[in-house]
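Report on one structure; see the data block that follows.
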Amino acid sequence: MNQPYTAPSAALGQGDHSRYQPRLFQMKGRLGRVRYFVYALTISLMVYAVFAAVTAFAAIAGQPATEPGGVMFSVLMVLLAVGGVFTAVMSVIYGVRRLNDMNVSGWLILLMFVPLANFVMALVMLFVPGSKGENKYGAAPAPNGGGLIAALVIMLLVMVGWIGIISAVALPAYQDYVERAQMHQMQR
């Protein structure tokens, strides 16, 4: 019998599980190329920001942060060690998630500790696309949103700017070094 006032039948709680939304501090799941790059740089920038804040606080307080034996130097070294361990752990987690997105074992992340193999692995994780749809490691991550793409573009522009600044400082210094070495050779 067709009742117009009957609630429609639907299987509640059984929505589309073919995609999930990855999070920055999530330990499991898959991670696409853009999120892998943005998340890894975000963690690094967070650690750098804390280190810069402590250094700025030391400068405001009038204590030299780079003088060995000082309190601020000790605080900076402890923060640097904790930040380094945190960054390394999160990088391994992101690497495992990225490898799982390509439908390969996360144990391959151990190749990141092998010289030359780590360079190849980094290129593979940055440029090889993940598997389409669900794989043996879980559902596919949700498509990249506008905010994530904007973060990627900003981070790439900042990296290009850093390379430009480093080049602007390093090339004249190198040329000066070469000129001094030539003058030193002529004086002999």
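By convention in this document, the chains of the structure tokens carry letters A, B, ... by their order, each chain's residues are numbered from 1, and ligands are numbered from 1 in the order they are shown.
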
Could you find all residues in range 10-183 of chain A that DSSP calls strand (DSSP E or B) from the backbone, and write them as JSON, numbers by chain?
-> {"A": [19, 20, 135, 138, 140, 141]}

Store the residues picked out above, limited to N, CA and C atoms, as a PDB file, in the first residue's frame.
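Final output, saved to again-v9.pdb:
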```
ATOM      1  N   ARG A  19      35.445   7.586   0.423  1.00  0.00           N
ATOM      2  CA  ARG A  19      36.381   8.700   0.611  1.00  0.00           C
ATOM      3  C   ARG A  19      36.366   9.116   2.072  1.00  0.00           C
ATOM      4  N   TYR A  20      37.480   9.659   2.531  1.00  0.00           N
ATOM      5  CA  TYR A  20      37.543  10.204   3.877  1.00  0.00           C
ATOM      6  C   TYR A  20      38.355  11.491   3.848  1.00  0.00           C
ATOM      7  N   ASN A 135      41.755   1.068  -1.740  1.00  0.00           N
ATOM      8  CA  ASN A 135      42.761   0.024  -1.897  1.00  0.00           C
ATOM      9  C   ASN A 135      42.861  -0.752  -0.588  1.00  0.00           C
ATOM     10  N   GLY A 138      42.744   1.340   2.717  1.00  0.00           N
ATOM     11  CA  GLY A 138      41.604   2.160   3.110  1.00  0.00           C
ATOM     12  C   GLY A 138      41.006   2.936   1.954  1.00  0.00           C
ATOM     13  N   ALA A 140      39.942   6.153  -0.381  1.00  0.00           N
ATOM     14  CA  ALA A 140      40.705   7.236  -1.005  1.00  0.00           C
ATOM     15  C   ALA A 140      40.467   8.537  -0.248  1.00  0.00           C
ATOM     16  N   PRO A 141      41.500   9.379  -0.151  1.00  0.00           N
ATOM     17  CA  PRO A 141      41.295  10.673   0.501  1.00  0.00           C
ATOM     18  C   PRO A 141      40.369  11.557  -0.332  1.00  0.00           C
TER      19      PRO A 141
END
```

Those in range 4-182 of chain A with helix (DSSP H, G or I) from DSSP, as an MDAnalysis selection string | chainID A and resid 33:61 71:101 106:113 117:127 146:182

Only C-alpha atoms, please: the residues just picked out, written as a short mmCIF file (atom, residue, chain, number, x, y, z; two decimals), in the first residue's frame.
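Produced file selection_15.cif, reproduced below:
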```cif
data_model
loop_
_atom_site.label_atom_id
_atom_site.label_comp_id
_atom_site.auth_asym_id
_atom_site.auth_seq_id
_atom_site.Cartn_x
_atom_site.Cartn_y
_atom_site.Cartn_z
CA ARG A 33 50.68 14.09 -3.02
CA VAL A 34 49.48 17.64 -2.31
CA ARG A 35 48.53 16.90 1.28
CA TYR A 36 51.81 15.05 1.84
CA PHE A 37 53.82 18.08 0.71
CA VAL A 38 51.68 20.65 2.55
CA TYR A 39 51.41 18.65 5.79
CA ALA A 40 55.16 17.94 5.95
CA LEU A 41 56.00 21.61 5.37
CA THR A 42 53.37 22.70 7.90
CA ILE A 43 54.92 20.56 10.63
CA SER A 44 58.39 21.91 9.80
CA LEU A 45 57.16 25.51 9.81
CA MET A 46 55.46 24.98 13.18
CA VAL A 47 58.74 23.81 14.69
CA TYR A 48 60.63 26.73 13.10
CA ALA A 49 58.04 29.18 14.44
CA VAL A 50 58.47 27.88 18.00
CA PHE A 51 62.24 28.08 17.68
CA ALA A 52 62.02 31.64 16.32
CA ALA A 53 59.64 32.67 19.11
CA VAL A 54 62.01 31.41 21.81
CA THR A 55 64.94 33.15 20.10
CA ALA A 56 62.95 36.41 19.90
CA PHE A 57 61.98 36.07 23.56
CA ALA A 58 65.65 35.62 24.45
CA ALA A 59 66.57 38.72 22.46
CA ILE A 60 63.85 40.78 24.16
CA ALA A 61 64.92 39.49 27.56
CA VAL A 71 69.83 29.28 30.21
CA MET A 72 68.29 30.38 26.92
CA PHE A 73 70.83 28.34 24.97
CA SER A 74 69.85 25.25 26.97
CA VAL A 75 66.15 25.93 26.42
CA LEU A 76 66.75 26.37 22.69
CA MET A 77 68.73 23.15 22.46
CA VAL A 78 66.02 21.17 24.28
CA LEU A 79 63.31 22.70 22.06
CA LEU A 80 65.40 22.00 18.98
CA ALA A 81 65.83 18.35 20.01
CA VAL A 82 62.12 17.91 20.81
CA GLY A 83 61.14 19.67 17.59
CA GLY A 84 63.53 17.53 15.57
CA VAL A 85 62.17 14.30 17.02
CA PHE A 86 58.58 15.50 16.51
CA THR A 87 59.30 16.47 12.89
CA ALA A 88 61.04 13.14 12.20
CA VAL A 89 58.18 11.09 13.68
CA MET A 90 55.53 13.03 11.77
CA SER A 91 57.58 12.76 8.56
CA VAL A 92 57.71 8.98 8.92
CA ILE A 93 53.95 8.87 9.60
CA TYR A 94 53.24 11.03 6.54
CA GLY A 95 55.58 8.89 4.44
CA VAL A 96 53.82 5.69 5.48
CA ARG A 97 50.44 7.23 4.71
CA ARG A 98 51.70 8.43 1.32
CA LEU A 99 53.08 4.99 0.46
CA ASN A 100 49.78 3.44 1.52
CA ASP A 101 48.04 5.80 -0.90
CA GLY A 106 54.60 1.55 4.58
CA TRP A 107 57.74 -0.39 5.47
CA LEU A 108 59.34 1.07 2.34
CA ILE A 109 59.71 4.29 4.35
CA LEU A 110 62.86 2.70 5.77
CA LEU A 111 64.48 3.40 2.39
CA MET A 112 64.44 7.08 3.39
CA PHE A 113 67.35 6.24 5.70
CA ALA A 117 67.52 5.59 -2.21
CA ASN A 118 66.06 8.40 -0.08
CA PHE A 119 66.33 10.80 -3.02
CA VAL A 120 64.50 8.36 -5.30
CA MET A 121 61.86 7.69 -2.62
CA ALA A 122 61.28 11.42 -2.14
CA LEU A 123 60.73 11.88 -5.87
CA VAL A 124 58.39 8.88 -6.00
CA MET A 125 56.33 10.13 -3.06
CA LEU A 126 56.06 13.63 -4.54
CA PHE A 127 55.25 12.72 -8.14
CA GLY A 146 40.80 25.36 -2.52
CA GLY A 147 42.52 26.08 0.81
CA LEU A 148 44.90 23.19 0.35
CA ILE A 149 45.78 24.27 -3.19
CA ALA A 150 46.29 27.85 -1.97
CA ALA A 151 48.60 26.58 0.80
CA LEU A 152 50.58 24.60 -1.78
CA VAL A 153 50.98 27.63 -4.06
CA ILE A 154 52.03 29.87 -1.15
CA MET A 155 54.57 27.32 0.10
CA LEU A 156 56.03 26.87 -3.37
CA LEU A 157 56.35 30.65 -3.80
CA VAL A 158 58.06 30.93 -0.41
CA MET A 159 60.49 28.15 -1.38
CA VAL A 160 61.31 29.89 -4.67
CA GLY A 161 61.84 33.13 -2.72
CA TRP A 162 64.20 31.40 -0.29
CA ILE A 163 66.19 29.93 -3.15
CA GLY A 164 66.39 33.40 -4.72
CA ILE A 165 67.59 35.00 -1.48
CA ILE A 166 70.15 32.28 -0.87
CA SER A 167 71.39 32.61 -4.45
CA ALA A 168 71.62 36.39 -4.14
CA VAL A 169 73.81 36.01 -1.06
CA ALA A 170 75.79 32.90 -2.01
CA LEU A 171 76.82 33.77 -5.58
CA PRO A 172 78.57 37.07 -4.76
CA ALA A 173 80.24 35.43 -1.76
CA TYR A 174 81.46 32.60 -3.97
CA GLN A 175 82.75 35.02 -6.59
CA ASP A 176 84.60 36.96 -3.88
CA TYR A 177 86.08 33.69 -2.64
CA VAL A 178 87.27 32.78 -6.15
CA GLU A 179 88.84 36.22 -6.63
CA ARG A 180 90.68 35.97 -3.32
CA ALA A 181 91.93 32.49 -4.18
CA GLN A 182 93.20 33.73 -7.55
#
```

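Atom to atom, CA of Val114 in chain A and CA of Gly32 in chain A stand 23.4 Å apart.
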
CA of Phe25 in chain A to CA of Tyr137 in chain A, straight-line distance in Å |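 According to the coordinates, CA of Tyr137 in chain A and CA of Phe25 in chain A are separated by 17.7 Å.
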
Given the choices A:Gly70, A:Leu31, A:Gln21, A:Asn103, which gets closest to Lys136 in chain A if the distance is worked out from only C-alpha atoms?
->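 Among the listed residues, the smallest separation from Lys136 in chain A belongs to A:Asn103.
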
Counting only C-alpha atoms, figure out which residue out of A:Met102, A:Pro115, A:Met186, A:Gly62 gets nearest to Ala139 in chain A.
->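 Counting only C-alpha atoms, the residue closest to Ala139 in chain A is A:Met102.
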
May I ask for the distance between CA of Lys132 in chain A and CA of Met27 in chain A, given in Å to one decimal place?
->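 Result for CA of Lys132 in chain A versus CA of Met27 in chain A: 21.0 Å, one decimal.
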
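Using only C-alpha atoms, the nearest neighbour of Glu134 in chain A within the list A:Arg30, A:Ser105, A:Arg23, A:Pro68 is A:Arg30.
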